[in-house]
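Enquirer: Take this structure, written in structure tokens, and hold onto it; I'll ask about it next.
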Amino acid sequence: MTPALRGHLAMLLFSVLVAGSFSLGSLVANEIAPAVLNAVRFAIAAVVVGATAVVTTGLRAQALQAPWRYVVLGGFLATYFVMMFEGLKTAPPVSTAAVFTLTPLLAAGAGYLMMRQVLTFRMAIALGMGTAGALWVIFRADVSALLAFEIGRGEAIFFIGCAAHAIYTPLVRVLNRGEPPVVFTFFTLLGSLGVLTAWAGADLWSTEWAALPAFVWLTILYVAIAASSVTFVLLQYATLRLPSSKVMAYTYLVPSWVLVWELSLGQPAPPAMIAIGVLLTVSGLALLLKE
């Protein structure tokens with residue numbers, strides 16, 4: 001199996017796990033402050049990834065060179081995740097996931113500015129299709145709302161987070177100095193944890209942890225292990241083997257997986273017309289992945 005193919009498989013699993021965080025996150029977004037939830041998830045994720053690094057590659061001293069790199073990367077990740085849960089307070093999971101599919105377009109721009117990764121004509125068409133599909137879902141298949149550009153508050157908040165995520169993707173390649181993905185992920189998680197601890201501030205101590213519903217803790221564990229520890233390693237693994245635009249192309253699958261998650265959690269199906277937007281995003285993925 002070629003390195004590129006392993007990168008593609010990593011991102012396929014990434015898209016499934018990320019989709020779950022949208023569906024589960026929407027159920028608990030109003031139960032706990034986003035910065036607090038994410039501070040806890042990053043603490044758990046750091047323990048899991050750190051233990052994995054010790055057992056596998058070991059935590060090498062040279063990985064601590066220029067530690068500011070991890071604070072910068074961690075800041076972008078912290079922004080993305082806090083904005084995601086802020087957005088999920090008011091925006092539906094499928095609509096929020098559609099906003100996430102705008103990330104490839106943003107990542108392509110960031111990849112060009114940082115690494116001069118140039119889009120081909122086909123990739124530009126694919127990004128256009130994916131963006132059109134995302135907008136169709138974001139505006140809930142309502143042409144009048146689309147023409148008036150009546151975007152919801154939750155979607156607008158999450159867009160800020162997606163911009164941070166788009167910068168993070170090529171920045172991994174720029175700042176990585178040969179560290180193994182699991183080691184690089186561990187120190188990035190520590191950087192995020194530091195940023196989030198400062199962000200959450202007094203809310204960390206005022207939160208009534210014992211009074212939180214069991215489902216909140218279940219969601220925290222899911223986003224900490226599956227949607228943080230595992231996906232961060234997968235993303236950094238794939239980023240070192242694929243161009244940024246192809247890595248982020250897999251975000252086009254997220255709305256489809258969110259639909260599957262929503263139905264499996266007993267949520268009602270969205271309007272049938274939204275399927276047009278989902279189909280456009282999947283078509284955009286197919287074009288982006290073509291060699």
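Note on naming: chains are A, B, ... as they come in the structure tokens, residues start from 1 per chain, ligands start from 1 in the order shown.
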So which residues touch His165 in chain A within 8 Å, counting only C-alpha atoms, skipping near sequence neighbours fewer than 5 positions away, as JSON, numbers by chain?

Expert: {"A": [76, 77, 80, 103]}

Enquirer: I want to know what sits within 8 Å of range 3-10 of chain A, based on only C-alpha atoms, with residues of the same chain fewer than 5 positions away left out; could you give that as number ranges by chain?

Expert: A: 234-235, 237-239, 241-242, 247

Enquirer: Could you write those residues out with C-alpha atoms, as a short mmCIF file (atom, residue, chain, number, x, y, z; two decimals), in the first residue's frame?

Expert:
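What landed in result.cif:
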data_model
loop_
_atom_site.label_atom_id
_atom_site.label_comp_id
_atom_site.auth_asym_id
_atom_site.auth_seq_id
_atom_site.Cartn_x
_atom_site.Cartn_y
_atom_site.Cartn_z
CA LEU A 234 -5.08 10.71 11.32
CA LEU A 235 -5.08 14.31 10.10
CA TYR A 237 -0.55 11.46 9.25
CA ALA A 238 -2.46 12.29 6.07
CA THR A 239 -1.19 15.89 5.89
CA ARG A 241 1.43 12.39 2.68
CA LEU A 242 -1.18 14.35 0.71
CA VAL A 247 -6.68 16.17 2.83
#

Enquirer: With a distance cut-off of 10 Å and only C-alpha atoms, select the neighbouring residues of Leu212 in chain A, excluding the residue or stretch itself and same-chain residues fewer than 4 positions from it, and output the selection as a ChimeraX atom specification.

Expert: /A:28,31-32,207-208,216-217

Enquirer: From the options A:Val40, A:Leu12, A:Leu17, A:Ala53, which residue's atoms come nearest to Glu179 in chain A, counting only C-alpha atoms?

Expert: A:Ala53

Enquirer: Among range 38-75 of chain A, which residues carry a DSSP assignment of alpha helix (DSSP H), reported as a PyMOL selection string?

Expert: chain A and resi 38-55+68-75

Enquirer: Pick out the residues sitting within 7 Å of Gly133 in chain A, and hand them over as an MDAnalysis selection string; count only C-alpha atoms, and ignore anything fewer than 5 positions along from it in its own chain.

Expert: chainID A and resid 277:278 280:281

Enquirer: Excluding same-chain residues fewer than 6 positions from Asn30 in chain A, what lies within 9 Å of it counting only C-alpha atoms, as an NGL selection string?

Expert: :A and (85-86 or 88-89)

Enquirer: How would the residues just picked look written out with C-alpha atoms as a PDB file, in the first residue's frame?

Expert:
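This is the output file again.pdb:
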ATOM      1  CA  PHE A  85     -19.718  24.012  19.956  1.00  0.00           C
ATOM      2  CA  GLU A  86     -20.790  27.651  20.073  1.00  0.00           C
ATOM      3  CA  LEU A  88     -24.037  23.948  17.570  1.00  0.00           C
ATOM      4  CA  LYS A  89     -25.994  25.823  20.242  1.00  0.00           C
TER       5      LYS A  89
END
